[in-house]
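Colleague: What follows is the file protein-v3.txt, containing compact mmCIF, C-alpha atoms and all ligand atoms:
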```txt
# COMPACT_ATOMS: atom_id res chain seq x y z
CA MET A 145 -1.74 28.11 -23.95
CA SER A 146 -3.24 29.39 -20.74
CA ALA A 147 -5.91 31.98 -20.00
CA PHE A 148 -4.64 32.46 -16.46
CA PRO A 149 -2.52 35.47 -15.48
CA ASP A 150 0.73 35.04 -13.57
CA GLY A 151 0.10 35.22 -9.85
CA LEU A 152 -3.46 33.87 -10.08
CA LEU A 153 -2.86 31.69 -7.02
CA ASP A 154 -0.54 34.05 -5.10
CA GLY A 155 -1.15 33.61 -1.37
CA LYS A 156 -3.00 30.32 -1.87
CA THR A 157 -1.91 26.97 -0.51
CA ALA A 158 -2.52 23.58 -2.12
CA PHE A 159 -2.23 19.95 -1.04
CA VAL A 160 -2.08 17.42 -3.88
CA ALA A 161 -2.53 13.77 -2.91
CA GLY A 162 -0.95 11.60 -5.58
CA GLY A 163 0.97 14.67 -6.73
CA THR A 164 4.26 12.83 -7.15
CA SER A 165 3.65 11.76 -10.75
CA GLY A 166 1.45 11.93 -13.83
CA VAL A 167 -1.59 14.17 -14.07
CA ASN A 168 -1.46 15.09 -10.40
CA LEU A 169 2.13 16.26 -10.70
CA ALA A 170 1.11 18.38 -13.70
CA ILE A 171 -1.65 19.90 -11.56
CA ALA A 172 0.75 20.55 -8.67
CA LEU A 173 3.27 22.11 -11.04
CA ARG A 174 0.74 24.45 -12.64
CA MET A 175 -0.60 25.56 -9.26
CA SER A 176 2.95 26.24 -8.11
CA GLU A 177 3.75 28.19 -11.31
CA LEU A 178 0.68 30.33 -10.68
CA GLY A 179 1.89 31.24 -7.20
CA ALA A 180 0.44 28.66 -4.80
CA ARG A 181 2.53 27.03 -2.09
CA VAL A 182 2.15 23.34 -2.79
CA ALA A 183 2.52 20.13 -0.78
CA VAL A 184 2.67 16.85 -2.69
CA LEU A 185 1.75 13.55 -1.06
CA GLY A 186 2.79 10.14 -2.33
CA ARG A 187 3.47 6.70 -0.91
CA ASN A 188 7.14 6.74 -1.83
CA PRO A 189 9.27 9.33 0.05
CA GLU A 190 11.96 9.48 -2.69
CA LYS A 191 9.35 10.19 -5.37
CA ALA A 192 7.71 12.79 -3.13
CA HIS A 193 11.02 14.61 -2.63
CA ALA A 194 11.81 14.43 -6.34
CA ALA A 195 8.40 15.92 -7.15
CA ALA A 196 8.87 18.72 -4.61
CA ASP A 197 12.30 19.45 -6.13
CA THR A 198 10.65 19.66 -9.56
CA LEU A 199 8.12 22.14 -8.22
CA GLY A 200 10.62 24.31 -6.33
CA ARG A 201 9.17 27.48 -4.75
CA GLY A 202 9.21 25.99 -1.24
CA ALA A 203 7.16 22.94 -2.18
CA MET A 204 6.70 20.35 0.56
CA ALA A 205 7.14 16.59 0.18
CA LEU A 206 4.97 14.26 2.25
CA ALA A 207 4.85 10.46 2.25
CA SER A 208 1.91 8.39 3.46
CA ASP A 209 -0.80 6.10 2.09
CA VAL A 210 -4.27 7.58 1.55
CA ARG A 211 -5.74 4.23 2.68
CA ASP A 212 -4.50 5.04 6.20
CA TYR A 213 -6.80 7.71 7.69
CA ALA A 214 -4.57 8.65 10.63
CA ALA A 215 -1.49 8.98 8.41
CA THR A 216 -3.44 11.03 5.87
CA GLN A 217 -4.67 13.33 8.61
CA GLU A 218 -1.12 13.76 9.92
CA SER A 219 0.20 14.66 6.45
CA LEU A 220 -2.56 17.22 6.02
CA ARG A 221 -1.80 18.62 9.47
CA ARG A 222 1.88 19.01 8.61
CA ALA A 223 1.08 20.87 5.39
CA SER A 224 -1.48 23.05 7.12
CA ASP A 225 0.90 23.88 9.98
CA ALA A 226 3.67 24.80 7.53
CA PHE A 227 1.42 26.85 5.25
CA GLY A 228 -1.02 28.36 7.76
CA GLY A 229 -4.06 26.47 6.47
CA LEU A 230 -5.13 24.98 3.16
CA ASP A 231 -7.11 26.62 0.33
CA ILE A 232 -6.97 23.87 -2.30
CA VAL A 233 -6.98 20.10 -1.82
CA VAL A 234 -6.64 17.70 -4.73
CA SER A 235 -7.44 14.03 -4.10
CA GLY A 236 -5.72 12.31 -6.99
CA ALA A 237 -4.10 9.16 -5.60
CA ALA A 238 -5.29 6.18 -7.64
CA GLY A 239 -4.45 2.57 -8.37
CA ASN A 240 -5.39 0.46 -11.35
CA PHE A 241 -4.71 -2.68 -13.32
CA VAL A 242 -6.62 -4.32 -16.13
CA ALA A 243 -8.26 -7.64 -15.26
CA PRO A 244 -11.67 -9.19 -15.92
CA ALA A 245 -13.64 -9.74 -12.72
CA LEU A 246 -13.17 -13.52 -13.02
CA ASP A 247 -9.39 -13.02 -12.89
CA MET A 248 -9.57 -10.62 -9.97
CA SER A 249 -9.37 -11.65 -6.33
CA ALA A 250 -11.55 -9.99 -3.71
CA ASN A 251 -8.38 -8.36 -2.44
CA GLY A 252 -7.51 -6.99 -5.89
CA PHE A 253 -10.96 -5.40 -6.18
CA LYS A 254 -10.66 -4.02 -2.67
CA ALA A 255 -7.18 -2.57 -3.29
CA VAL A 256 -8.50 -0.21 -5.97
CA ILE A 257 -11.66 0.68 -4.02
CA ASP A 258 -9.48 1.42 -1.00
CA ILE A 259 -7.04 3.69 -2.84
CA ASP A 260 -9.52 5.52 -5.08
CA LEU A 261 -12.81 5.74 -3.17
CA ILE A 262 -11.87 5.29 0.49
CA GLY A 263 -8.72 7.34 -0.16
CA THR A 264 -10.79 10.23 -1.51
CA PHE A 265 -13.08 10.11 1.51
CA ASN A 266 -10.05 10.04 3.81
CA VAL A 267 -8.37 13.02 2.14
CA PHE A 268 -11.55 15.09 2.02
CA ARG A 269 -12.78 14.25 5.50
CA ALA A 270 -9.38 14.76 7.09
CA CYS A 271 -8.64 18.02 5.26
CA TYR A 272 -11.87 19.72 6.31
CA ASP A 273 -10.51 20.81 9.70
CA PHE A 274 -7.49 22.46 8.06
CA LEU A 275 -9.32 24.41 5.35
CA ARG A 276 -9.33 28.18 5.19
CA ARG A 277 -13.07 28.76 4.97
CA PRO A 278 -14.98 30.22 3.21
CA GLY A 279 -13.35 29.93 -0.20
CA ALA A 280 -11.67 26.54 0.02
CA SER A 281 -11.89 24.30 -3.02
CA LEU A 282 -11.59 20.52 -3.18
CA ILE A 283 -11.29 18.44 -6.32
CA THR A 284 -10.91 14.74 -6.93
CA LEU A 285 -9.78 12.91 -10.04
CA SER A 286 -12.64 10.88 -11.47
CA ALA A 287 -12.76 9.19 -14.89
CA GLY A 288 -15.13 8.40 -17.72
CA GLN A 289 -15.36 4.86 -16.32
CA ALA A 290 -17.59 6.32 -13.61
CA THR A 291 -20.43 6.58 -16.10
CA VAL A 292 -19.41 4.40 -19.06
CA PRO A 293 -18.64 0.79 -18.05
CA LEU A 294 -15.38 -0.69 -19.30
CA VAL A 295 -14.42 -4.37 -19.31
CA GLY A 296 -11.43 -5.21 -17.15
CA GLN A 297 -12.19 -2.22 -14.96
CA SER A 298 -14.87 -3.39 -12.52
CA HIS A 299 -12.89 -2.05 -9.56
CA ALA A 300 -12.10 1.38 -11.06
CA CYS A 301 -15.59 1.77 -12.57
CA ALA A 302 -17.17 1.11 -9.17
CA ALA A 303 -14.67 3.33 -7.35
CA LYS A 304 -14.99 6.28 -9.71
CA ALA A 305 -18.81 6.04 -9.76
CA GLY A 306 -18.70 6.17 -5.98
CA ILE A 307 -16.36 9.15 -6.11
CA ASN A 308 -18.77 11.09 -8.34
CA HIS A 309 -21.62 10.64 -5.89
CA LEU A 310 -19.37 11.35 -2.90
CA VAL A 311 -18.51 14.68 -4.54
CA ARG A 312 -22.19 15.54 -4.85
CA VAL A 313 -23.04 14.72 -1.24
CA LEU A 314 -20.05 16.59 0.19
CA ALA A 315 -20.86 19.60 -2.01
CA MET A 316 -24.33 19.67 -0.44
CA GLU A 317 -23.09 19.19 3.10
CA TRP A 318 -20.17 21.63 2.95
CA GLY A 319 -21.53 24.30 0.63
CA PRO A 320 -23.06 26.27 3.52
CA THR A 321 -19.58 26.77 5.00
CA GLY A 322 -18.13 28.03 1.73
CA VAL A 323 -16.28 24.85 0.77
CA ARG A 324 -16.67 23.79 -2.87
CA VAL A 325 -16.26 20.14 -3.88
CA ASN A 326 -15.90 19.10 -7.52
CA GLY A 327 -14.57 16.28 -9.64
CA LEU A 328 -12.46 16.33 -12.76
CA ALA A 329 -12.81 13.47 -15.23
CA PRO A 330 -9.84 13.28 -17.60
CA GLY A 331 -9.88 11.03 -20.62
CA PRO A 332 -6.66 9.33 -21.72
CA VAL A 333 -3.61 11.41 -20.86
CA ALA A 334 -0.36 10.89 -22.78
CA GLY A 335 2.68 9.67 -20.91
CA THR A 336 0.98 8.57 -17.69
CA GLU A 337 1.38 5.29 -15.82
CA GLY A 338 -2.39 4.82 -15.88
CA MET A 339 -2.54 4.95 -19.67
CA ALA A 340 0.48 2.69 -19.98
CA ARG A 341 -1.50 0.15 -17.95
CA LEU A 342 -4.71 0.55 -19.94
CA THR A 343 -3.25 0.85 -23.47
CA SER A 344 0.16 -0.78 -23.58
CA THR A 345 0.80 -0.90 -27.36
CA GLU A 346 0.98 1.81 -30.03
CA GLU A 347 -1.82 0.05 -31.89
CA ALA A 348 -4.03 0.26 -28.79
CA VAL A 349 -3.24 3.97 -28.47
CA GLN A 350 -4.21 4.57 -32.11
CA ARG A 351 -7.39 2.54 -31.75
CA LEU A 352 -8.49 4.45 -28.65
CA SER A 353 -7.53 7.82 -30.14
CA SER A 354 -9.66 7.11 -33.22
CA ARG A 355 -12.76 6.85 -31.01
CA ILE A 356 -12.24 10.20 -29.26
CA PRO A 357 -13.85 13.23 -30.96
CA MET A 358 -10.60 15.23 -30.58
CA ARG A 359 -8.69 12.21 -32.03
CA ARG A 360 -5.86 12.38 -29.52
CA TYR A 361 -4.91 11.89 -25.90
CA ALA A 362 -4.78 14.89 -23.56
CA HIS A 363 -1.53 16.51 -22.53
CA GLY A 364 -1.07 16.72 -18.77
CA HIS A 365 -1.07 20.51 -18.85
CA GLU A 366 -4.59 20.52 -20.35
CA ILE A 367 -5.90 18.63 -17.33
CA ALA A 368 -3.96 20.97 -15.05
CA GLU A 369 -5.60 24.05 -16.61
CA ALA A 370 -9.05 22.59 -15.91
CA ALA A 371 -8.04 21.80 -12.32
CA VAL A 372 -6.80 25.35 -11.80
CA PHE A 373 -10.08 26.71 -13.13
CA LEU A 374 -12.16 24.60 -10.75
CA CYS A 375 -10.00 25.67 -7.80
CA SER A 376 -9.86 29.35 -8.74
CA ALA A 377 -12.16 32.23 -7.84
CA SER A 378 -13.45 32.06 -11.43
CA ALA A 379 -15.37 28.94 -10.39
CA SER A 380 -16.66 30.46 -7.14
CA TYR A 381 -20.26 29.35 -7.79
CA ILE A 382 -19.48 25.88 -9.13
CA THR A 383 -19.80 22.97 -6.72
CA GLY A 384 -20.93 19.36 -6.95
CA THR A 385 -20.04 19.05 -10.61
CA ILE A 386 -17.90 16.52 -12.45
CA LEU A 387 -16.08 18.31 -15.25
CA ASP A 388 -15.29 16.09 -18.25
CA CYS A 389 -11.90 17.01 -19.68
CA ASP A 390 -11.63 14.24 -22.23
CA GLY A 391 -11.73 15.61 -25.77
CA GLY A 392 -15.41 14.66 -25.95
CA ALA A 393 -14.86 10.96 -25.15
CA HIS A 394 -17.81 10.96 -22.72
CA LEU A 395 -20.12 11.52 -25.71
CA GLY A 396 -19.38 8.02 -26.98
CA ASP A 397 -17.37 6.31 -29.72
CA SER A 398 -16.99 8.81 -32.59
CA SER A 399 -14.96 6.58 -34.94
CA THR A 400 -16.32 6.45 -38.46
C1 LIG A 501 -4.98 -9.20 -11.19
C2 LIG A 501 -3.86 -8.02 -9.54
C3 LIG A 501 -3.11 -7.33 -10.53
C4 LIG A 501 -3.33 -7.66 -11.90
C5 LIG A 501 -2.51 -6.61 -8.58
N1 LIG A 501 -3.47 -7.54 -8.37
N2 LIG A 501 -2.28 -6.45 -9.90
N3 LIG A 501 -4.79 -8.93 -9.86
N4 LIG A 501 -4.29 -8.60 -12.18
N5 LIG A 501 -2.66 -7.07 -12.89
C6 LIG A 501 -3.97 -8.00 -7.07
C7 LIG A 501 -2.89 -8.67 -6.26
O1 LIG A 501 -2.69 -10.02 -6.66
C8 LIG A 501 -3.48 -8.59 -4.86
O2 LIG A 501 -4.48 -9.56 -4.66
C9 LIG A 501 -4.21 -7.26 -4.89
O3 LIG A 501 -4.41 -6.92 -6.28
C10 LIG A 501 -3.44 -6.16 -4.23
O4 LIG A 501 -2.17 -6.08 -4.86
P1 LIG A 501 -0.88 -5.56 -4.07
O5 LIG A 501 0.20 -5.42 -5.06
O6 LIG A 501 -0.64 -6.39 -2.87
O7 LIG A 501 -1.44 -4.17 -3.53
P2 LIG A 501 -0.80 -2.78 -3.48
O8 LIG A 501 0.69 -2.88 -3.29
O9 LIG A 501 -1.55 -2.03 -2.48
O10 LIG A 501 -1.02 -2.19 -4.92
C11 LIG A 501 -2.26 -1.67 -5.32
C12 LIG A 501 -2.43 -1.79 -6.83
C13 LIG A 501 -1.15 -1.37 -7.56
C14 LIG A 501 -3.61 -0.95 -7.26
C15 LIG A 501 -2.70 -3.24 -7.16
O11 LIG A 501 -1.31 -1.54 -8.94
C16 LIG A 501 -0.76 0.04 -7.23
O12 LIG A 501 -0.26 0.34 -6.17
N6 LIG A 501 -0.96 0.97 -8.14
C17 LIG A 501 -0.61 2.38 -7.92
C18 LIG A 501 -0.13 3.02 -9.15
C19 LIG A 501 -1.17 2.97 -10.24
O13 LIG A 501 -1.89 2.00 -10.40
N7 LIG A 501 -1.22 4.02 -11.03
C20 LIG A 501 -2.17 4.05 -12.11
C21 LIG A 501 -3.33 4.77 -11.65
S1 LIG A 501 -4.10 5.36 -13.07
P3 LIG A 501 -4.19 -10.92 -3.82
O14 LIG A 501 -5.52 -11.61 -3.80
O15 LIG A 501 -3.15 -11.67 -4.59
O16 LIG A 501 -3.74 -10.48 -2.46
C22 LIG A 501 -5.65 5.54 -12.79
C23 LIG A 501 -6.31 6.34 -13.86
C24 LIG A 501 -6.95 5.42 -14.83
O17 LIG A 501 -6.18 5.12 -11.85
C25 LIG A 501 -8.34 5.83 -15.04
C26 LIG A 501 -9.27 4.67 -14.95
C27 LIG A 501 -10.24 4.75 -13.86
```
What's the structure tokens form of this structure?
Ligand code: HXC
Modeller:
Amino acid sequence: MSAFPDGLLDGKTAFVAGGTSGVNLAIALRMSELGARVAVLGRNPEKAHAAADTLGRGAMALASDVRDYAATQESLRRASDAFGGLDIVVSGAAGNFVAPALDMSANGFKAVIDIDLIGTFNVFRACYDFLRRPGASLITLSAGQATVPLVGQSHACAAKAGINHLVRVLAMEWGPTGVRVNGLAPGPVAGTEGMARLTSTEEAVQRLSSRIPMRRYAHGHEIAEAAVFLCSASASYITGTILDCDGGAHLGDSST
């Protein structure tokens, strides 16, 4: 079910970092269905081309690593040149693995901080010069771990907490030029690589689902609808917020 009319994003352009799979691909797909021209960025060129083929409608495939500022800037430049500027930028590239801090090397911690937090700064900072302003909308993918600590997730908890505050500062700094910056915090999403890493058995899925008020994982399209809302004109006065889209999981453990 969707409340959005066909053509909602006609004439808009979108750049989705991490848009080659999972939730970010669902977001890219929905934006494309609603009329936006979409560029998807991933590390793997084959996956990027496959994602663009899935999207159709003149979608663009780009391959670079968000940890590399110059490469990120070049990918954004290519999308902007092809599309005539960018209206929507989604920073969704993320990395994760489950390990207690004592089993994590400094480099393992840094890898996730670099992809999630530094990557979000790189995408947002580099995209600014290519935005069609006023009216541009930026979102990043946060997570409940930003506010609720989770064992085995010291790197992602720290990265996502940093992302939430980065969103707030950029919203303050860029609001005067008509650029909105928000975060979207999904809970568990069915069928994603991230959830396969965090809950690898059916028993673990059932256990986690039983704690969520909605008693289930999200479907990718539910996260995509929330992303479209934040990037649409319907959210024209919303900036600096982190929207929980998690079936109520942020409220705490609701198992009985
Ligand atoms: C302990 C590990 C590890 C593990 C990797 N490392 N996996 N340590 N347990 N399971 C360590 C490595 O030993 C290495 O440290 C360091 O991390 C970097 O690993 P590399 O493989 O060299 O790095 P890289 O190729 O850059 O890969 C980054 C990555 C990887 C994050 C480690 O998993 C990745 O690329 N992931 C991308 C896809 C992904 O994770 N998708 C899920 C995102 S879901 P040493 O010391 O040996 O050099 C998501 C949403 C979940 O984020 C919501 C929660 C916030």
Colleague: Need the shell around Ala237 in chain A: protein/DNA/RNA residues with any atom at most 7 Å away, counting all atoms listed in the file. Skip same-chain ones fewer than 3 positions apart. Format as a list in words?
Modeller: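 The filter keeps Ala161, Gly162, Ile259 and Asp260 of chain A.
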Colleague: Quick one: pull the distance between CA of Thr321 in chain A and CA of Thr383 in chain A, Å, one decimal.
Modeller: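 According to the coordinates, CA of Thr321 in chain A and CA of Thr383 in chain A are separated by 12.3 Å.
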Colleague: What is the CA of His394 in chain A to CA of Ala290 in chain A distance in Å?
Modeller: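 For CA of His394 in chain A relative to CA of Ala290 in chain A, the distance reads 10.2 Å.
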Colleague: Give me the residues near range 238-248 of chain A as a list in words, where near means some atom within 7 Å (using only C-alpha atoms) and where sequence neighbours in that chain fewer than 5 positions away do not count.
Modeller: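 After dropping sequence-adjacent residues, the list is Phe253, Val256, Ile259, Asp260, Val295, Gly296, Gln297, Ser298, Ala300, Gly338, Arg341 and Leu342 of chain A.
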Colleague: Atom O16 of ligand LIG 501 (chain A) to CA of Ala303 in chain A: how many Å, to one decimal?
Modeller: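 So the two atoms, atom O16 of ligand LIG 501 (chain A) and CA of Ala303 in chain A, lie 18.3 Å apart.
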Colleague: So which one's closest to Leu152 in chain A, A:Ser344, A:Ser176, A:Asn168, A:Gln350? Using all atoms listed in the file, please.
Modeller: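 So, comparing all the options, the nearest one is A:Ser176.
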Colleague: Rank nothing, just name the residue among A:Phe373, A:Tyr381, A:Tyr213, A:Phe227 nearest to Arg276 in chain A, using all atoms listed in the file.
Modeller: A:Phe227
Colleague: I'd like the box whose edges run along x, y and z of the file and which contains every listed atom of range 194-206 of chain A, padded by 6 Å per side; could you state its centre and edge lengths in Å, one decimal, as JSON?
Modeller:
```
{"center_x": 8.6, "center_y": 20.9, "center_z": -3.7, "size_x": 19.3, "size_y": 25.2, "size_z": 23.8}
```
Colleague: Calculated over only C-alpha atoms and all ligand atoms, which of the candidates A:Ala287, A:Ala302, A:Ala214, A:Leu310 has the smallest distance to ligand LIG 501 (chain A)?
Modeller: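 Closest to ligand LIG 501 (chain A) of all the choices is A:Ala287.
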Colleague: Under the rule that only C-alpha atoms and all ligand atoms are counted, which of A:Ser353, A:Ser146, A:Thr400, A:Thr343 is the nearest residue to ligand LIG 501 (chain A)?
Modeller: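 Distance minimum relative to ligand LIG 501 (chain A) lands on A:Thr343.
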Colleague: Counting only C-alpha atoms, which residue out of A:Phe159, A:Met339, A:Asn251, A:Cys301 sits closest to Phe274 in chain A?
Modeller: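 For Phe274 in chain A, the nearest of the candidates is A:Phe159.
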Colleague: Find the residue from A:Asp212, A:Asp388, A:Glu346, A:Glu317 that sits nearest to Glu366 in chain A; use only C-alpha atoms when measuring.
Modeller: A:Asp388
Colleague: Write out as a ChimeraX atom specification the residues lying within 9 Å of Ala362 in chain A, counting only C-alpha atoms and excluding same-chain residues fewer than 2 positions away.
Modeller: /A:330-334,360,364-367,389-391
Colleague: Near Ala192 in chain A, counting only C-alpha atoms, which residues have an atom at most 9 Å away, once you skip same-chain residues fewer than 6 positions from it, shown as number ranges by chain?
Modeller: A: 163-165, 184-186, 204-207
